[in-house]
Amino acid sequence: MGQQQLLLIVLGILIVGMAIYGTTHILEYYNAVQTRDRVRQEGLLLCQYAEEYKLRAKQLGGGGGLYDGFKLPKFFIGEPDIGYWVGGWGQFLLVYTCSWGPGAVKGEDSTWPISILIIKSGNDPARVYTLN
């Protein structure tokens, strides 16, 4: 083989290697963004269910204007990759959702899983905090 052919083969291998490396990092980034959006959306959905519970009359199984007694709906429990915690006291609601499990996507610090905290008090809009 000539020297030019070997140089072209090495150059081709380098270009393919850099393309594969770049593609995997782009996919990891978009996976983290998608997971962060999903965790946030699930938390907001949980807030919506809590608000429906609060507005429902006590005679119909609701809170009668309060979040007291609100429990995590059963279909949220089966999620394999998102963890939930919800607490309601009077007019105050606290929702915490996070990426969960052995394949949990890490947040921006690359150490802790993605987690979202949502606080709702009275009739004020919900405040959403991205913790990681």
# chains A, B, ... in the order shown; residues from 1 in each chain; ligands from 1
call {"tool": "select_by_dssp", "arguments": {"residues": "chain A", "states": "alpha helix (DSSP H)", "output": "compact mmCIF listing (two decimals) with C-alpha atoms, in the first residue's frame"}}
result
# COMPACT_ATOMS: atom_id res chain seq x y z
CA GLN A 3 1.69 6.08 1.96
CA GLN A 4 -1.24 8.19 0.71
CA GLN A 5 -3.66 5.26 1.01
CA LEU A 6 -2.59 4.58 4.61
CA LEU A 7 -2.96 8.27 5.44
CA LEU A 8 -6.48 8.31 3.95
CA ILE A 9 -7.46 5.19 5.91
CA VAL A 10 -6.20 6.71 9.18
CA LEU A 11 -7.94 10.00 8.39
CA GLY A 12 -11.19 8.16 7.61
CA ILE A 13 -11.01 6.22 10.88
CA LEU A 14 -10.43 9.47 12.83
CA ILE A 15 -13.38 11.20 11.18
CA VAL A 16 -15.73 8.25 11.84
CA GLY A 17 -14.51 8.00 15.46
CA MET A 18 -15.10 11.73 16.07
CA ALA A 19 -18.57 11.48 14.49
CA ILE A 20 -19.53 8.55 16.74
CA TYR A 21 -18.14 10.32 19.82
CA GLY A 22 -20.03 13.53 19.01
CA THR A 23 -23.26 11.69 18.28
CA THR A 24 -23.24 9.81 21.58
CA HIS A 25 -22.72 13.04 23.53
CA ILE A 26 -25.51 14.79 21.65
CA LEU A 27 -27.85 11.86 22.37
CA GLU A 28 -26.93 11.88 26.08
CA TYR A 29 -27.62 15.62 26.26
CA TYR A 30 -31.03 15.33 24.57
CA ASN A 31 -31.91 12.34 26.75
CA ALA A 32 -31.21 14.47 29.85
CA VAL A 33 -33.28 17.36 28.47
CA GLN A 34 -36.17 15.03 27.61
CA THR A 35 -36.04 13.41 31.06
CA ARG A 36 -35.97 16.82 32.78
CA ASP A 37 -39.03 17.90 30.77
CA ARG A 38 -40.83 14.64 31.56
CA VAL A 39 -40.12 14.88 35.29
CA ARG A 40 -41.37 18.49 35.26
CA GLN A 41 -44.50 17.55 33.29
CA GLU A 42 -45.31 14.64 35.63
CA GLY A 43 -44.97 16.97 38.63
CA LEU A 44 -47.30 19.53 37.06
CA LEU A 45 -49.78 16.77 36.22
CA LEU A 46 -49.69 15.67 39.85
CA CYS A 47 -50.40 19.29 40.89
CA GLN A 48 -53.38 19.31 38.56
CA TYR A 49 -54.79 16.17 40.21
CA ALA A 50 -54.25 17.75 43.62
CA GLU A 51 -56.08 20.89 42.49
CA GLU A 52 -59.00 18.79 41.24
CA TYR A 53 -59.07 17.01 44.62
CA LYS A 54 -59.07 20.35 46.44
CA LEU A 55 -61.98 21.74 44.38
CA LYS A 74 -52.33 4.74 42.03
CA PHE A 75 -51.23 5.04 38.41
CA PHE A 76 -48.27 7.22 39.45
CA ILE A 77 -46.96 4.45 41.73
call {"tool": "select_by_dssp", "arguments": {"residues": "chain A", "states": "strand (DSSP E or B)", "output": "JSON list (two decimals) with N, CA and C atoms, in the first residue's frame"}}
result
[["chain", "number", "residue", "atom", "x", "y", "z"],
["A", 82, "ILE", "N", -39.40, 7.33, 37.56],
["A", 82, "ILE", "CA", -39.65, 8.63, 38.19],
["A", 82, "ILE", "C", -40.18, 8.37, 39.60],
["A", 83, "GLY", "N", -39.61, 9.06, 40.59],
["A", 83, "GLY", "CA", -40.08, 8.96, 41.96],
["A", 83, "GLY", "C", -40.90, 10.18, 42.34],
["A", 84, "TYR", "N", -41.91, 10.01, 43.17],
["A", 84, "TYR", "CA", -42.82, 11.09, 43.55],
["A", 84, "TYR", "C", -42.93, 11.20, 45.06],
["A", 85, "TRP", "N", -43.17, 12.41, 45.51],
["A", 85, "TRP", "CA", -43.55, 12.65, 46.89],
["A", 85, "TRP", "C", -44.50, 13.84, 46.86],
["A", 86, "VAL", "N", -45.62, 13.71, 47.54],
["A", 86, "VAL", "CA", -46.60, 14.80, 47.56],
["A", 86, "VAL", "C", -47.11, 14.97, 48.98],
["A", 87, "GLY", "N", -47.28, 16.21, 49.39],
["A", 87, "GLY", "CA", -47.83, 16.52, 50.70],
["A", 87, "GLY", "C", -48.75, 17.72, 50.61],
["A", 88, "GLY", "N", -49.91, 17.61, 51.21],
["A", 88, "GLY", "CA", -50.86, 18.72, 51.20],
["A", 88, "GLY", "C", -51.35, 19.01, 52.61],
["A", 89, "TRP", "N", -51.26, 20.27, 53.00],
["A", 89, "TRP", "CA", -51.69, 20.72, 54.33],
["A", 89, "TRP", "C", -52.51, 21.98, 54.15],
["A", 92, "PHE", "N", -51.81, 24.56, 51.35],
["A", 92, "PHE", "CA", -50.42, 24.45, 50.92],
["A", 92, "PHE", "C", -50.16, 23.08, 50.30],
["A", 93, "LEU", "N", -49.53, 23.06, 49.12],
["A", 93, "LEU", "CA", -49.22, 21.81, 48.44],
["A", 93, "LEU", "C", -47.75, 21.79, 48.08],
["A", 94, "LEU", "N", -47.11, 20.65, 48.32],
["A", 94, "LEU", "CA", -45.69, 20.47, 48.01],
["A", 94, "LEU", "C", -45.55, 19.18, 47.21],
["A", 95, "VAL", "N", -44.95, 19.28, 46.01],
["A", 95, "VAL", "CA", -44.77, 18.12, 45.13],
["A", 95, "VAL", "C", -43.29, 18.03, 44.78],
["A", 96, "TYR", "N", -42.72, 16.84, 44.94],
["A", 96, "TYR", "CA", -41.33, 16.59, 44.58],
["A", 96, "TYR", "C", -41.28, 15.41, 43.63],
["A", 97, "THR", "N", -40.68, 15.59, 42.47],
["A", 97, "THR", "CA", -40.51, 14.50, 41.51],
["A", 97, "THR", "C", -39.03, 14.43, 41.13],
["A", 98, "CYS", "N", -38.55, 13.21, 40.91],
["A", 98, "CYS", "CA", -37.14, 13.07, 40.53],
["A", 98, "CYS", "C", -36.95, 11.84, 39.65],
["A", 99, "SER", "N", -35.87, 11.89, 38.88],
["A", 99, "SER", "CA", -35.47, 10.74, 38.08],
["A", 99, "SER", "C", -35.04, 9.65, 39.05],
["A", 106, "LYS", "N", -28.66, 11.88, 35.24],
["A", 106, "LYS", "CA", -28.07, 12.87, 36.15],
["A", 106, "LYS", "C", -28.40, 14.27, 35.65],
["A", 113, "PRO", "N", -29.50, 12.96, 40.53],
["A", 113, "PRO", "CA", -30.55, 12.82, 39.51],
["A", 113, "PRO", "C", -31.34, 14.12, 39.34],
["A", 115, "SER", "N", -34.26, 16.54, 39.50],
["A", 115, "SER", "CA", -35.37, 16.62, 40.46],
["A", 115, "SER", "C", -36.04, 17.99, 40.35],
["A", 116, "ILE", "N", -37.34, 17.98, 40.58],
["A", 116, "ILE", "CA", -38.19, 19.17, 40.46],
["A", 116, "ILE", "C", -38.99, 19.32, 41.75],
["A", 117, "LEU", "N", -39.07, 20.54, 42.27],
["A", 117, "LEU", "CA", -39.88, 20.86, 43.44],
["A", 117, "LEU", "C", -40.94, 21.86, 43.02],
["A", 118, "ILE", "N", -42.20, 21.56, 43.33],
["A", 118, "ILE", "CA", -43.31, 22.44, 42.98],
["A", 118, "ILE", "C", -44.04, 22.81, 44.27],
["A", 119, "ILE", "N", -44.22, 24.11, 44.48],
["A", 119, "ILE", "CA", -44.88, 24.62, 45.69],
["A", 119, "ILE", "C", -46.10, 25.42, 45.26],
["A", 120, "LYS", "N", -47.24, 25.11, 45.85],
["A", 120, "LYS", "CA", -48.47, 25.87, 45.59],
["A", 120, "LYS", "C", -49.09, 26.26, 46.91],
["A", 121, "SER", "N", -49.39, 27.52, 47.03],
["A", 121, "SER", "CA", -49.98, 28.03, 48.26],
["A", 121, "SER", "C", -51.22, 28.84, 47.93],
["A", 127, "ARG", "N", -45.18, 27.52, 41.98],
["A", 127, "ARG", "CA", -43.78, 27.87, 41.75],
["A", 127, "ARG", "C", -43.03, 26.57, 41.50],
["A", 128, "VAL", "N", -42.33, 26.52, 40.36],
["A", 128, "VAL", "CA", -41.61, 25.31, 39.96],
["A", 128, "VAL", "C", -40.12, 25.58, 40.05],
["A", 129, "TYR", "N", -39.41, 24.73, 40.79],
["A", 129, "TYR", "CA", -37.97, 24.87, 40.97],
["A", 129, "TYR", "C", -37.29, 23.63, 40.42],
["A", 130, "THR", "N", -36.33, 23.82, 39.53],
["A", 130, "THR", "CA", -35.51, 22.72, 39.04],
["A", 130, "THR", "C", -34.31, 22.62, 39.96]]
call {"tool": "atom_distance", "arguments": {"atom1": "atom CA of Gly101 of chain A", "atom2": "atom CA of Lys71 of chain A"}}
result
22.1 Å
call {"tool": "atom_distance", "arguments": {"atom1": "atom CA of Gly107 of chain A", "atom2": "atom CA of Asn132 of chain A"}}
result
4.9 Å
call {"tool": "atom_distance", "arguments": {"atom1": "atom CA of Ala126 of chain A", "atom2": "atom CA of Ala57 of chain A"}}
result
21.9 Å
call {"tool": "decode", "arguments": {"residues": "segment 60-104 of chain A", "atoms": "N, CA and C atoms", "output": "short mmCIF file (atom, residue, chain, number, x, y, z; two decimals), in the first residue's frame"}}
result
data_model
loop_
_atom_site.label_atom_id
_atom_site.label_comp_id
_atom_site.auth_asym_id
_atom_site.auth_seq_id
_atom_site.Cartn_x
_atom_site.Cartn_y
_atom_site.Cartn_z
N LEU A 60 -68.09 14.13 47.81
CA LEU A 60 -67.75 13.40 46.59
C LEU A 60 -66.33 12.84 46.62
N GLY A 61 -65.72 12.83 47.80
CA GLY A 61 -64.38 12.27 47.94
C GLY A 61 -63.26 13.26 47.70
N GLY A 62 -63.55 14.53 47.80
CA GLY A 62 -62.54 15.56 47.58
C GLY A 62 -62.10 16.21 48.88
N GLY A 63 -61.41 17.31 48.75
CA GLY A 63 -60.87 18.00 49.91
C GLY A 63 -61.74 19.11 50.43
N GLY A 64 -62.74 19.52 49.66
CA GLY A 64 -63.62 20.59 50.11
C GLY A 64 -62.90 21.91 50.29
N GLY A 65 -62.01 22.24 49.38
CA GLY A 65 -61.27 23.51 49.46
C GLY A 65 -59.90 23.39 50.11
N LEU A 66 -59.53 22.19 50.55
CA LEU A 66 -58.23 21.98 51.20
C LEU A 66 -57.51 20.79 50.54
N TYR A 67 -56.19 20.79 50.67
CA TYR A 67 -55.39 19.68 50.15
C TYR A 67 -55.27 18.54 51.15
N ASP A 68 -55.81 18.70 52.34
CA ASP A 68 -55.70 17.66 53.37
C ASP A 68 -56.27 16.34 52.86
N GLY A 69 -55.52 15.26 53.04
CA GLY A 69 -55.97 13.94 52.65
C GLY A 69 -55.65 13.56 51.22
N PHE A 70 -55.03 14.45 50.47
CA PHE A 70 -54.68 14.09 49.09
C PHE A 70 -53.57 13.06 49.10
N LYS A 71 -53.76 12.00 48.32
CA LYS A 71 -52.77 10.93 48.22
C LYS A 71 -52.34 10.78 46.76
N LEU A 72 -51.18 10.22 46.59
CA LEU A 72 -50.65 9.97 45.26
C LEU A 72 -51.57 9.00 44.52
N PRO A 73 -52.07 9.38 43.33
CA PRO A 73 -52.92 8.46 42.57
C PRO A 73 -52.19 7.15 42.26
N LYS A 74 -52.93 6.07 42.19
CA LYS A 74 -52.33 4.74 42.03
C LYS A 74 -51.52 4.59 40.76
N PHE A 75 -51.94 5.24 39.67
CA PHE A 75 -51.23 5.04 38.41
C PHE A 75 -49.87 5.74 38.39
N PHE A 76 -49.60 6.63 39.34
CA PHE A 76 -48.27 7.22 39.45
C PHE A 76 -47.30 6.26 40.14
N ILE A 77 -47.80 5.34 40.94
CA ILE A 77 -46.96 4.45 41.73
C ILE A 77 -46.19 3.46 40.84
N GLY A 78 -46.74 3.06 39.72
CA GLY A 78 -46.12 2.07 38.87
C GLY A 78 -44.99 2.58 37.99
N GLU A 79 -44.66 3.87 38.06
CA GLU A 79 -43.60 4.43 37.21
C GLU A 79 -42.24 3.86 37.60
N PRO A 80 -41.53 3.23 36.67
CA PRO A 80 -40.24 2.63 37.03
C PRO A 80 -39.08 3.61 37.09
N ASP A 81 -39.20 4.79 36.45
CA ASP A 81 -38.04 5.67 36.36
C ASP A 81 -38.26 7.08 36.92
N ILE A 82 -39.40 7.33 37.56
CA ILE A 82 -39.65 8.63 38.19
C ILE A 82 -40.18 8.37 39.60
N GLY A 83 -39.61 9.06 40.59
CA GLY A 83 -40.08 8.96 41.96
C GLY A 83 -40.90 10.18 42.34
N TYR A 84 -41.91 10.01 43.17
CA TYR A 84 -42.82 11.09 43.55
C TYR A 84 -42.93 11.20 45.06
N TRP A 85 -43.17 12.41 45.51
CA TRP A 85 -43.55 12.65 46.89
C TRP A 85 -44.50 13.84 46.86
N VAL A 86 -45.62 13.71 47.54
CA VAL A 86 -46.60 14.80 47.56
C VAL A 86 -47.11 14.97 48.98
N GLY A 87 -47.28 16.21 49.39
CA GLY A 87 -47.83 16.52 50.70
C GLY A 87 -48.75 17.72 50.61
N GLY A 88 -49.91 17.61 51.21
CA GLY A 88 -50.86 18.72 51.20
C GLY A 88 -51.35 19.01 52.61
N TRP A 89 -51.26 20.27 53.00
CA TRP A 89 -51.69 20.72 54.33
C TRP A 89 -52.51 21.98 54.15
N GLY A 90 -53.80 21.90 54.38
CA GLY A 90 -54.65 23.06 54.24
C GLY A 90 -54.60 23.61 52.82
N GLN A 91 -54.17 24.86 52.68
CA GLN A 91 -54.07 25.51 51.37
C GLN A 91 -52.68 25.38 50.75
N PHE A 92 -51.81 24.56 51.35
CA PHE A 92 -50.42 24.45 50.92
C PHE A 92 -50.16 23.08 50.30
N LEU A 93 -49.53 23.06 49.12
CA LEU A 93 -49.22 21.81 48.44
C LEU A 93 -47.75 21.79 48.08
N LEU A 94 -47.11 20.65 48.32
CA LEU A 94 -45.69 20.47 48.01
C LEU A 94 -45.55 19.18 47.21
N VAL A 95 -44.95 19.28 46.01
CA VAL A 95 -44.77 18.12 45.13
C VAL A 95 -43.29 18.03 44.78
N TYR A 96 -42.72 16.84 44.94
CA TYR A 96 -41.33 16.59 44.58
C TYR A 96 -41.28 15.41 43.63
N THR A 97 -40.68 15.59 42.47
CA THR A 97 -40.51 14.50 41.51
C THR A 97 -39.03 14.43 41.13
N CYS A 98 -38.55 13.21 40.91
CA CYS A 98 -37.14 13.07 40.53
C CYS A 98 -36.95 11.84 39.65
N SER A 99 -35.87 11.89 38.88
CA SER A 99 -35.47 10.74 38.08
C SER A 99 -35.04 9.65 39.05
N TRP A 100 -35.43 8.41 38.78
CA TRP A 100 -35.32 7.36 39.79
C TRP A 100 -34.78 6.08 39.16
N GLY A 101 -34.16 5.25 39.94
CA GLY A 101 -33.75 3.93 39.49
C GLY A 101 -32.29 3.84 39.10
N PRO A 102 -31.86 2.65 38.70
CA PRO A 102 -30.45 2.45 38.37
C PRO A 102 -30.01 3.23 37.14
N GLY A 103 -30.91 3.51 36.21
CA GLY A 103 -30.56 4.26 35.01
C GLY A 103 -30.97 5.72 35.09
N ALA A 104 -31.06 6.26 36.31
CA ALA A 104 -31.53 7.64 36.50
C ALA A 104 -30.59 8.61 35.78
#
